[in-house]
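A.B. asks: Sharing protein36.txt, compact mmCIF, C-alpha atoms:
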```txt
# COMPACT_ATOMS: atom_id res chain seq x y z
CA MET X 1 -9.97 -31.82 -4.76
CA SER X 2 -6.35 -30.65 -5.14
CA ILE X 3 -5.11 -27.33 -3.70
CA GLU X 4 -4.48 -26.01 -7.23
CA ARG X 5 -8.07 -26.76 -8.33
CA LYS X 6 -9.43 -25.18 -5.15
CA MET X 7 -7.41 -22.00 -5.78
CA LYS X 8 -8.57 -21.79 -9.40
CA LYS X 9 -12.15 -22.28 -8.28
CA PHE X 10 -11.71 -19.42 -5.78
CA THR X 11 -9.83 -17.12 -8.19
CA LEU X 12 -12.58 -16.72 -10.79
CA PRO X 13 -15.10 -15.06 -8.41
CA LEU X 14 -12.34 -12.71 -7.22
CA LEU X 15 -11.56 -11.64 -10.79
CA LEU X 16 -15.28 -11.04 -11.41
CA LEU X 17 -15.63 -8.98 -8.22
CA PRO X 18 -14.79 -5.60 -9.87
CA ALA X 19 -17.41 -6.18 -12.58
CA ILE X 20 -20.01 -6.72 -9.85
CA LEU X 21 -19.06 -4.01 -7.34
CA ILE X 22 -17.93 -1.10 -9.53
CA PRO X 23 -21.30 -0.55 -11.30
CA LEU X 24 -23.07 -0.88 -7.94
CA PHE X 25 -21.06 1.85 -6.26
CA VAL X 26 -21.01 4.11 -9.31
CA LEU X 27 -24.80 3.96 -9.10
CA SER X 28 -24.51 4.77 -5.42
CA SER X 29 -22.60 7.96 -6.27
CA ILE X 30 -25.35 8.98 -8.70
CA TYR X 31 -27.95 8.24 -6.04
CA ALA X 32 -25.94 10.36 -3.62
CA ASP X 33 -25.77 13.41 -5.89
CA GLU X 34 -26.99 15.57 -3.03
CA ALA X 35 -24.10 14.32 -0.86
CA GLY X 36 -21.71 15.02 -3.72
CA SER X 37 -23.00 18.58 -3.91
CA ARG X 38 -22.31 19.02 -0.21
CA ILE X 39 -18.74 17.82 -0.78
CA VAL X 40 -18.21 20.42 -3.50
CA GLU X 41 -19.70 23.09 -1.22
CA GLN X 42 -17.14 22.17 1.46
CA ALA X 43 -14.35 22.38 -1.09
CA THR X 44 -15.43 25.85 -2.21
CA GLY X 45 -16.06 27.08 1.31
CA GLU X 46 -19.86 27.30 0.98
CA GLY X 47 -21.41 25.71 4.01
CA ALA X 48 -18.00 24.59 5.22
CA GLN X 49 -18.00 22.44 8.35
CA GLY X 50 -14.84 23.02 10.33
CA SER X 51 -11.67 21.27 9.19
CA ILE X 52 -13.27 17.97 8.14
CA PRO X 53 -11.53 16.91 4.89
CA VAL X 54 -13.59 16.74 1.70
CA MET X 55 -13.74 13.58 -0.38
CA GLY X 56 -10.86 14.60 -2.65
CA ASP X 57 -8.48 14.78 0.32
CA TYR X 58 -8.53 11.00 0.79
CA ARG X 59 -5.52 9.77 -1.19
CA GLN X 60 -3.53 6.58 -1.39
CA ALA X 61 0.22 6.76 -0.77
CA LEU X 62 3.11 4.38 -1.29
CA ARG X 63 2.50 1.37 1.03
CA LYS X 64 -0.48 3.11 2.66
CA VAL X 65 -4.12 2.29 2.00
CA VAL X 66 -5.33 5.81 2.63
CA GLU X 67 -3.92 9.11 3.83
CA ILE X 68 -5.64 12.40 4.59
CA LYS X 69 -3.84 15.21 2.77
CA GLU X 70 -3.62 18.66 4.30
CA GLU X 71 -3.49 20.30 0.85
CA ASP X 72 -5.02 19.13 -2.41
CA PHE X 73 -2.30 18.64 -5.05
CA PRO X 74 -3.13 16.61 -8.19
CA GLN X 75 0.31 15.01 -8.61
CA GLU X 76 2.44 13.09 -6.13
CA ILE X 77 5.76 11.23 -6.29
CA ASP X 78 6.77 8.88 -3.45
CA TYR X 79 10.08 7.04 -3.10
CA TYR X 80 11.80 5.00 -0.41
CA LEU X 81 15.08 3.14 -0.03
CA ARG X 82 15.47 0.62 2.79
CA TYR X 83 18.82 -1.01 3.59
CA MET X 84 19.07 -4.24 5.62
CA PRO X 85 22.69 -5.38 6.21
CA SER X 86 23.64 -9.05 5.74
CA ARG X 87 22.48 -11.33 8.52
CA GLY X 88 22.88 -15.03 9.18
CA VAL X 89 20.08 -17.48 8.53
CA GLU X 90 18.44 -20.22 10.56
CA ALA X 91 19.55 -23.88 10.30
CA GLN X 92 22.24 -23.35 7.64
CA SER X 93 25.41 -21.41 6.87
CA GLY X 94 25.62 -18.23 4.86
CA LYS X 95 24.09 -14.77 5.03
CA VAL X 96 21.47 -12.70 3.23
CA GLY X 97 21.46 -8.91 2.79
CA ILE X 98 18.59 -7.01 1.24
CA VAL X 99 18.07 -3.57 -0.30
CA ASP X 100 14.40 -2.71 -0.84
CA SER X 101 13.27 0.33 -2.85
CA ALA X 102 10.11 1.49 -4.60
CA TRP X 103 8.64 4.55 -6.27
CA GLU X 104 5.13 5.61 -7.22
CA TYR X 105 3.74 8.45 -9.33
CA SER X 106 0.07 9.31 -8.95
CA TYR X 107 -2.17 11.84 -10.65
CA GLN X 108 -5.68 12.77 -9.56
CA VAL X 109 -8.41 14.18 -11.76
CA LYS X 110 -11.94 15.20 -10.80
CA VAL X 111 -14.63 14.19 -13.24
CA ALA X 112 -17.38 16.82 -13.54
CA GLY X 113 -15.69 18.68 -10.68
CA LYS X 114 -16.89 16.05 -8.17
CA LEU X 115 -15.63 12.52 -8.67
CA PRO X 116 -11.89 12.11 -7.84
CA ILE X 117 -10.09 9.38 -9.80
CA GLU X 118 -6.48 8.71 -8.94
CA PHE X 119 -4.22 7.02 -11.48
CA ALA X 120 -0.87 5.61 -10.41
CA LEU X 121 2.24 3.99 -11.85
CA GLY X 122 4.79 2.35 -9.59
CA ALA X 123 7.69 -0.07 -9.47
CA GLY X 124 9.62 -1.93 -6.78
CA TYR X 125 13.06 -3.52 -6.54
CA VAL X 126 14.37 -5.96 -3.92
CA GLY X 127 18.11 -6.60 -4.27
CA ILE X 128 19.33 -9.84 -2.67
CA ASP X 129 22.92 -10.57 -1.62
CA ASN X 130 22.85 -14.29 -0.88
CA THR X 131 25.65 -16.65 0.24
CA THR X 132 23.48 -19.55 1.46
CA ALA X 133 23.15 -22.94 -0.22
CA VAL X 134 19.60 -22.10 -1.38
CA LYS X 135 19.72 -20.51 -4.81
CA LEU X 136 17.86 -17.18 -4.82
CA PRO X 137 17.40 -14.55 -7.57
CA SER X 138 19.78 -11.59 -7.43
CA TYR X 139 16.75 -9.30 -7.37
CA LEU X 140 12.95 -9.25 -7.39
CA SER X 141 10.96 -6.70 -9.39
CA SER X 142 7.40 -5.43 -9.46
CA VAL X 143 5.48 -3.08 -11.72
CA ALA X 144 1.95 -1.84 -11.01
CA PHE X 145 -0.61 0.33 -12.77
CA GLY X 146 -3.45 1.57 -10.61
CA ALA X 147 -6.74 3.44 -10.60
CA GLU X 148 -8.75 4.36 -7.52
CA THR X 149 -11.84 6.40 -6.77
CA THR X 150 -13.72 7.38 -3.62
CA LEU X 151 -17.49 7.70 -3.91
CA PRO X 152 -20.20 8.93 -1.54
CA PHE X 153 -21.90 5.82 -0.15
CA PHE X 154 -25.52 6.34 -1.13
CA ASN X 155 -26.96 9.05 1.12
CA ILE X 156 -25.16 8.17 4.36
CA ASP X 157 -23.57 11.30 5.81
CA ARG X 158 -19.76 11.39 6.01
CA THR X 159 -19.46 7.87 4.61
CA TYR X 160 -17.55 7.00 1.45
CA PHE X 161 -16.56 3.87 -0.41
CA THR X 162 -13.19 3.44 -2.10
CA ILE X 163 -12.58 1.12 -5.05
CA GLY X 164 -9.00 0.48 -6.17
CA LEU X 165 -7.69 -1.74 -8.97
CA ALA X 166 -4.00 -2.35 -9.70
CA PRO X 167 -2.94 -4.61 -12.59
CA SER X 168 0.52 -5.78 -11.48
CA PHE X 169 3.45 -8.00 -12.39
CA PHE X 170 5.81 -9.62 -9.85
CA THR X 171 8.91 -11.27 -11.36
CA ASP X 172 12.70 -11.51 -11.13
CA ASN X 173 13.56 -9.95 -14.52
CA TRP X 174 11.46 -6.80 -15.15
CA ASP X 175 9.39 -8.80 -17.62
CA PHE X 176 5.60 -8.92 -18.07
CA PRO X 177 4.62 -12.58 -18.55
CA THR X 178 0.89 -13.27 -18.36
CA SER X 179 1.51 -15.93 -15.71
CA ALA X 180 2.92 -13.24 -13.37
CA PHE X 181 -0.08 -10.94 -13.82
CA ARG X 182 -2.14 -10.16 -10.74
CA LEU X 183 -5.20 -7.91 -10.58
CA LEU X 184 -4.82 -6.51 -7.07
CA GLN X 185 -7.98 -4.94 -5.67
CA ARG X 186 -9.14 -3.15 -2.56
CA TYR X 187 -12.59 -2.15 -1.40
CA PHE X 188 -13.11 -0.25 1.83
CA PHE X 189 -15.41 2.18 3.61
CA ILE X 190 -14.31 5.50 5.04
CA TYR X 191 -16.37 7.02 7.84
CA GLN X 192 -15.46 10.32 9.50
CA PRO X 193 -17.87 11.24 12.29
CA ASN X 194 -15.92 14.40 13.20
CA GLU X 195 -12.67 16.24 12.50
CA LYS X 196 -10.69 14.02 14.91
CA TRP X 197 -11.70 10.50 13.91
CA THR X 198 -11.62 8.59 10.62
CA PHE X 199 -12.45 4.88 10.43
CA VAL X 200 -11.48 2.53 7.60
CA ALA X 201 -12.86 -1.00 7.00
CA GLY X 202 -12.78 -3.29 3.99
CA VAL X 203 -10.77 -5.97 2.21
CA GLY X 204 -7.76 -6.27 -0.06
CA VAL X 205 -8.02 -8.93 -2.78
CA SER X 206 -5.03 -10.63 -4.43
CA PRO X 207 -6.22 -13.37 -6.84
CA ASP X 208 -3.85 -16.33 -7.36
CA CYS X 209 -1.98 -15.55 -4.12
CA GLU X 210 -1.89 -17.87 -1.12
CA ASP X 211 -3.66 -15.27 1.04
CA ALA X 212 -6.18 -14.13 -1.56
CA VAL X 213 -8.31 -11.97 0.75
CA MET X 214 -6.94 -9.83 3.57
CA PRO X 215 -8.85 -7.48 5.92
CA ILE X 216 -8.34 -3.73 5.84
CA LEU X 217 -9.16 -2.32 9.27
CA GLY X 218 -7.91 0.80 10.97
CA PHE X 219 -8.45 4.35 12.09
CA ILE X 220 -6.89 7.80 11.96
CA TYR X 221 -7.11 9.86 15.15
CA LYS X 222 -5.89 13.46 15.38
CA PRO X 223 -6.63 14.83 18.86
CA ASN X 224 -4.82 18.08 18.03
CA ASP X 225 -2.66 19.73 15.37
CA ARG X 226 0.54 18.07 16.59
CA LEU X 227 -0.32 14.48 17.46
CA SER X 228 -1.59 11.93 14.94
CA PHE X 229 -2.39 8.21 15.14
CA ASN X 230 -2.53 6.84 11.58
CA ILE X 231 -3.28 3.19 12.38
CA VAL X 232 -4.09 1.86 8.92
CA PRO X 233 -2.40 -0.88 6.85
CA LYS X 234 0.17 -1.49 5.62
CA GLN X 235 2.21 1.07 7.48
CA PRO X 236 0.69 2.20 10.81
CA GLU X 237 2.33 5.28 12.29
CA ILE X 238 2.18 7.53 15.34
CA SER X 239 3.65 11.00 14.80
CA TYR X 240 4.19 14.20 16.75
CA ALA X 241 5.02 17.54 15.17
CA LEU X 242 7.79 19.28 17.09
CA ASN X 243 7.26 22.40 14.99
CA GLU X 244 5.96 23.36 11.56
CA LYS X 245 8.81 21.59 9.77
CA LEU X 246 10.07 18.75 11.99
CA THR X 247 8.04 15.69 13.01
CA VAL X 248 9.11 12.68 15.05
CA PHE X 249 7.37 9.36 14.38
CA THR X 250 7.32 5.67 15.16
CA GLN X 251 6.26 3.32 12.41
CA ALA X 252 5.65 -0.34 11.63
CA ASP X 253 5.48 -2.14 8.31
CA MET X 254 4.26 -5.62 7.41
CA TYR X 255 5.03 -7.02 3.97
CA SER X 256 4.21 -10.30 2.27
CA GLY X 257 4.81 -10.57 -1.47
CA GLU X 258 4.80 -13.37 -4.04
CA TYR X 259 7.05 -13.28 -7.10
CA GLU X 260 7.20 -15.57 -10.12
CA VAL X 261 10.83 -16.56 -10.65
CA THR X 262 13.09 -19.08 -12.39
CA LYS X 263 14.92 -21.61 -10.17
CA ASP X 264 17.45 -23.85 -11.86
CA ASN X 265 15.55 -25.27 -14.86
CA LEU X 266 12.12 -24.59 -13.38
CA LYS X 267 10.14 -21.60 -14.58
CA ASN X 268 7.09 -19.87 -13.06
CA VAL X 269 8.09 -20.86 -9.53
CA ILE X 270 6.55 -18.81 -6.71
CA LEU X 271 8.97 -17.19 -4.24
CA GLU X 272 7.47 -15.59 -1.13
CA TYR X 273 9.18 -12.69 0.63
CA ASN X 274 7.96 -11.81 4.14
CA GLU X 275 9.11 -9.25 6.70
CA VAL X 276 7.96 -7.10 9.60
CA HIS X 277 9.78 -4.03 10.83
CA LEU X 278 9.36 -1.52 13.63
CA GLY X 279 11.31 1.70 14.01
CA ALA X 280 11.34 5.44 14.59
CA GLY X 281 12.56 8.48 12.73
CA LEU X 282 12.35 12.14 11.84
CA ARG X 283 10.42 13.77 9.01
CA TYR X 284 11.37 17.21 7.68
CA LYS X 285 9.10 19.45 5.61
CA PHE X 286 11.37 21.45 3.30
CA ASN X 287 8.41 23.40 1.87
CA LYS X 288 4.77 22.76 0.99
CA HIS X 289 5.86 20.53 -1.92
CA ILE X 290 8.64 18.34 -0.47
CA LYS X 291 8.95 16.14 2.62
CA GLY X 292 11.81 13.83 3.51
CA SER X 293 12.33 11.35 6.33
CA PHE X 294 14.94 9.06 7.80
CA SER X 295 14.15 6.15 10.10
CA THR X 296 15.85 3.15 11.64
CA GLY X 297 14.84 0.19 13.77
CA GLY X 298 14.50 -3.57 13.96
CA ILE X 299 13.32 -6.01 11.29
CA PHE X 300 11.78 -9.37 12.18
CA ASN X 301 10.15 -12.54 10.81
CA ARG X 302 12.01 -12.36 7.49
CA SER X 303 11.95 -15.24 5.09
CA LEU X 304 12.40 -16.10 1.44
CA LYS X 305 10.72 -19.38 0.62
CA TYR X 306 9.74 -21.21 -2.50
CA ARG X 307 6.39 -22.83 -3.03
CA PRO X 308 6.35 -25.80 -2.73
CA ASP X 309 8.62 -25.83 0.35
CA SER X 310 10.71 -28.69 -1.09
CA LEU X 311 12.41 -26.16 -3.42
CA GLY X 312 14.03 -24.37 -0.50
CA LYS X 313 13.55 -21.80 2.23
CA VAL X 314 15.74 -19.19 3.92
CA THR X 315 14.74 -17.75 7.30
CA ILE X 316 16.81 -14.63 7.98
CA LYS X 317 17.73 -13.75 11.55
CA ASP X 318 16.38 -10.54 13.09
CA GLY X 319 18.42 -7.44 12.37
CA LEU X 320 18.42 -3.70 11.81
CA TYR X 321 17.32 -1.50 8.93
CA SER X 322 17.73 2.10 7.80
CA GLU X 323 15.27 3.86 5.51
CA PHE X 324 15.18 7.10 3.53
CA ARG X 325 11.87 8.33 2.13
CA ILE X 326 10.81 11.37 0.11
CA GLU X 327 7.41 12.74 -0.93
CA ILE X 328 6.91 15.38 -3.62
CA VAL X 329 3.52 16.93 -4.40
CA MET X 330 2.73 19.30 -7.25
```
What is this structure when it is put down as structure tokens?
C.D. replies:
Amino acid sequence: MSIERKMKKFTLPLLLLPAILIPLFVLSSIYADEAGSRIVEQATGEGAQGSIPVMGDYRQALRKVVEIKEEDFPQEIDYYLRYMPSRGVEAQSGKVGIVDSAWEYSYQVKVAGKLPIEFALGAGYVGIDNTTAVKLPSYLSSVAFGAETTLPFFNIDRTYFTIGLAPSFFTDNWDFPTSAFRLLQRYFFIYQPNEKWTFVAGVGVSPDCEDAVMPILGFIYKPNDRLSFNIVPKQPEISYALNEKLTVFTQADMYSGEYEVTKDNLKNVILEYNEVHLGAGLRYKFNKHIKGSFSTGGIFNRSLKYRPDSLGKVTIKDGLYSEFRIEIVM
């Protein structure tokens, strides 16, 4: 059986996965109505249990699977701009420079005062300055529409299940062809035994991609009000609050994306972009609504390669990056 037929055979069950799992876990939330009532009691202060976050405090963020919010704001805007100066490439002449940016707007509603549903709209842009012999697009674009909810998992105390769906398009022209459509999904458990520890485990699903299923494993550990270990994909971070406004952090990021592009006279060609970076920076809290950060560090294992490999590949040498990020909540 060819690779293409194997992938198609594997893709159909992945596309049907939401239809199977969503009704199951919606039923679990109904079954766990008593747990849902306890969550609302925590939110209103009745029977509150320390500083353990309520269900509505678990939110996604740009390039993060989950984040625990200190304050519950329904709207959030995230933006980052990452600059990577031109670097040489392996085994050929020429250089490649990249500017990577993305934004996301999310809005959370609570159905019947209990069930939080977060809707999101986001877009990404990867600008490419290329002087190698391999022809690359001048930019890559992505647009995503998302919906995510976190439900009590049956009647298991302090255990929740998150379901997220994100219809997305990855191209080189801001277009929305059906061939570039991907229904990205993620399903993971959240378990918080106490106010210091939160554990996350599940899978991310990307039908029609080479790595169709990826694990989601991590934890959040806050031993005190200043120190935090947020070791969850895709952007693990360790931070320390110097004071109420200024925080120092070290952060990693691992990215692997597939875009449908045009190369010469070939259309619907897949171009993979991979990178890993590790750096440190400072985050400043201007007020309760706005945070900004600046970081810098090294970037590794970068490549832009077509599939199949015979169409060309560029492996970019290790280099440096600088990143500006801002978060606005309302």
A.B. asks: Give me the box for segment 112-118 of chain X as lines of an AutoDock Vina configuration file, namely the centre and edge lengths in Å to one decimal of a box along x, y and z that holds every listed atom plus 5 Å on each side.
C.D. replies:
```
center_x = -11.9
center_y = 13.7
center_z = -10.7
size_x = 20.9
size_y = 20.0
size_z = 15.7
```
A.B. asks: Contacts of Phe176 of chain X at 12 Å or less, counting all atoms listed in the file, minus same-chain residues fewer than 3 places along, as a PDB file with C-alpha atoms, in the frame of the given file?
C.D. replies:
```
ATOM      1  CA  SER X 141      10.960  -6.700  -9.390  1.00  0.00           C
ATOM      2  CA  SER X 142       7.400  -5.430  -9.460  1.00  0.00           C
ATOM      3  CA  VAL X 143       5.480  -3.080 -11.720  1.00  0.00           C
ATOM      4  CA  ALA X 144       1.950  -1.840 -11.010  1.00  0.00           C
ATOM      5  CA  PRO X 167      -2.940  -4.610 -12.590  1.00  0.00           C
ATOM      6  CA  SER X 168       0.520  -5.780 -11.480  1.00  0.00           C
ATOM      7  CA  PHE X 169       3.450  -8.000 -12.390  1.00  0.00           C
ATOM      8  CA  PHE X 170       5.810  -9.620  -9.850  1.00  0.00           C
ATOM      9  CA  THR X 171       8.910 -11.270 -11.360  1.00  0.00           C
ATOM     10  CA  ASP X 172      12.700 -11.510 -11.130  1.00  0.00           C
ATOM     11  CA  ASN X 173      13.560  -9.950 -14.520  1.00  0.00           C
ATOM     12  CA  SER X 179       1.510 -15.930 -15.710  1.00  0.00           C
ATOM     13  CA  ALA X 180       2.920 -13.240 -13.370  1.00  0.00           C
ATOM     14  CA  PHE X 181      -0.080 -10.940 -13.820  1.00  0.00           C
ATOM     15  CA  ARG X 182      -2.140 -10.160 -10.740  1.00  0.00           C
ATOM     16  CA  TYR X 259       7.050 -13.280  -7.100  1.00  0.00           C
ATOM     17  CA  GLU X 260       7.200 -15.570 -10.120  1.00  0.00           C
ATOM     18  CA  VAL X 261      10.830 -16.560 -10.650  1.00  0.00           C
TER      19      VAL X 261
END
```
A.B. asks: Grab the atom CA of Gln92 of chain X to atom CA of Asn268 of chain X distance for me, in Å with one decimal place.
C.D. replies: 25.9 Å
A.B. asks: Find, counting all atoms listed in the file, the residue in X:Ala201, X:Leu227, X:Leu242, X:Val329 that gets nearest to Glu71 of chain X.
C.D. replies: X:Val329
A.B. asks: If we count all atoms listed in the file and set the cut-off at 10 Å, which residues sit around Glu237 of chain X, ignoring sequence neighbours fewer than 2 positions away in its own chain? Please answer as an MDAnalysis selection string.
C.D. replies: chainID X and resid 220 228:235 239 249:253 278:280
A.B. asks: Report the distance between atom CA of Phe188 of chain X and atom CA of Val213 of chain X in Å, rounded to one decimal place.
C.D. replies: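 Separation of atom CA of Phe188 of chain X and atom CA of Val213 of chain X: 12.7 Å.
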A.B. asks: Given the choices X:Gln192, X:Asn243, X:Asn301, X:Thr262, which gets closest to Ser138 of chain X if the distance is worked out from all atoms listed in the file?
C.D. replies: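 The closest residue to Ser138 of chain X is X:Thr262.
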A.B. asks: Considering only C-alpha atoms, state which residue in the set X:Val96, X:Ile156, X:Met330, X:Leu62 is at the smallest distance from Leu304 of chain X.
C.D. replies: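 Comparing X:Val96, X:Ile156, X:Met330, X:Leu62 against Leu304 of chain X, the winner is X:Val96.
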A.B. asks: Have a look at X:Tyr273, X:Phe161, X:Trp103, X:Tyr284 and name the one nearest to Tyr58 of chain X; count all atoms listed in the file.
C.D. replies: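 Among the listed residues, the smallest separation from Tyr58 of chain X belongs to X:Phe161.
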A.B. asks: Go through X:Val66, X:Val269, X:Ile128, X:Ala61 one by one, measure the shortest atom-to-atom distance of each to Gly218 of chain X using only C-alpha atoms, and give the residue with the smallest value.
C.D. replies: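 For Gly218 of chain X, the nearest of the candidates is X:Val66.
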A.B. asks: Find the distance between atom CA of Gly298 of chain X and atom CA of Ala102 of chain X and write it in Å to one decimal.
C.D. replies: 19.7 Å
A.B. asks: Which of these, X:Gly257, X:Leu282, X:Asp208, X:Val314, has the shortest distance to Ile238 of chain X once you count only C-alpha atoms?
C.D. replies: X:Leu282
A.B. asks: At a cut-off of 10 Å, using all atoms listed in the file, what residues contact Ala120 of chain X? Leave out same-chain residues fewer than 5 positions from it and give the result as a ChimeraX atom specification.
C.D. replies: /X:60-61,75-77,104-108,144-148,166
A.B. asks: Output C-alpha atoms for every residue in the selection just made, as a short mmCIF file (atom, residue, chain, number, x, y, z; two decimals), keeping the file's coordinate frame.
C.D. replies:
```cif
data_model
loop_
_atom_site.label_atom_id
_atom_site.label_comp_id
_atom_site.auth_asym_id
_atom_site.auth_seq_id
_atom_site.Cartn_x
_atom_site.Cartn_y
_atom_site.Cartn_z
CA GLN X 60 -3.53 6.58 -1.39
CA ALA X 61 0.22 6.76 -0.77
CA GLN X 75 0.31 15.01 -8.61
CA GLU X 76 2.44 13.09 -6.13
CA ILE X 77 5.76 11.23 -6.29
CA GLU X 104 5.13 5.61 -7.22
CA TYR X 105 3.74 8.45 -9.33
CA SER X 106 0.07 9.31 -8.95
CA TYR X 107 -2.17 11.84 -10.65
CA GLN X 108 -5.68 12.77 -9.56
CA ALA X 144 1.95 -1.84 -11.01
CA PHE X 145 -0.61 0.33 -12.77
CA GLY X 146 -3.45 1.57 -10.61
CA ALA X 147 -6.74 3.44 -10.60
CA GLU X 148 -8.75 4.36 -7.52
CA ALA X 166 -4.00 -2.35 -9.70
#
```
A.B. asks: (10.0, 21.2, 0.8) in this file's frame - what residues fall within 10 Å of it? Use only C-alpha atoms and give the answer as a ChimeraX atom specification.
C.D. replies: /X:245,284-292,326-329
A.B. asks: Pick out the residues sitting within 10 Å of Lys263 of chain X, and hand them over as a ChimeraX atom specification; count all atoms listed in the file, and ignore anything fewer than 5 positions along from it in its own chain.
C.D. replies: /X:134-137,268-271,306,311
A.B. asks: May I have the residues from that selection written out with C-alpha atoms, as a CSV table (one decimal), in the frame of the given file?
C.D. replies:
```csv
chain,number,residue,atom,x,y,z
X,134,VAL,CA,19.6,-22.1,-1.4
X,135,LYS,CA,19.7,-20.5,-4.8
X,136,LEU,CA,17.9,-17.2,-4.8
X,137,PRO,CA,17.4,-14.6,-7.6
X,268,ASN,CA,7.1,-19.9,-13.1
X,269,VAL,CA,8.1,-20.9,-9.5
X,270,ILE,CA,6.6,-18.8,-6.7
X,271,LEU,CA,9.0,-17.2,-4.2
X,306,TYR,CA,9.7,-21.2,-2.5
X,311,LEU,CA,12.4,-26.2,-3.4
```
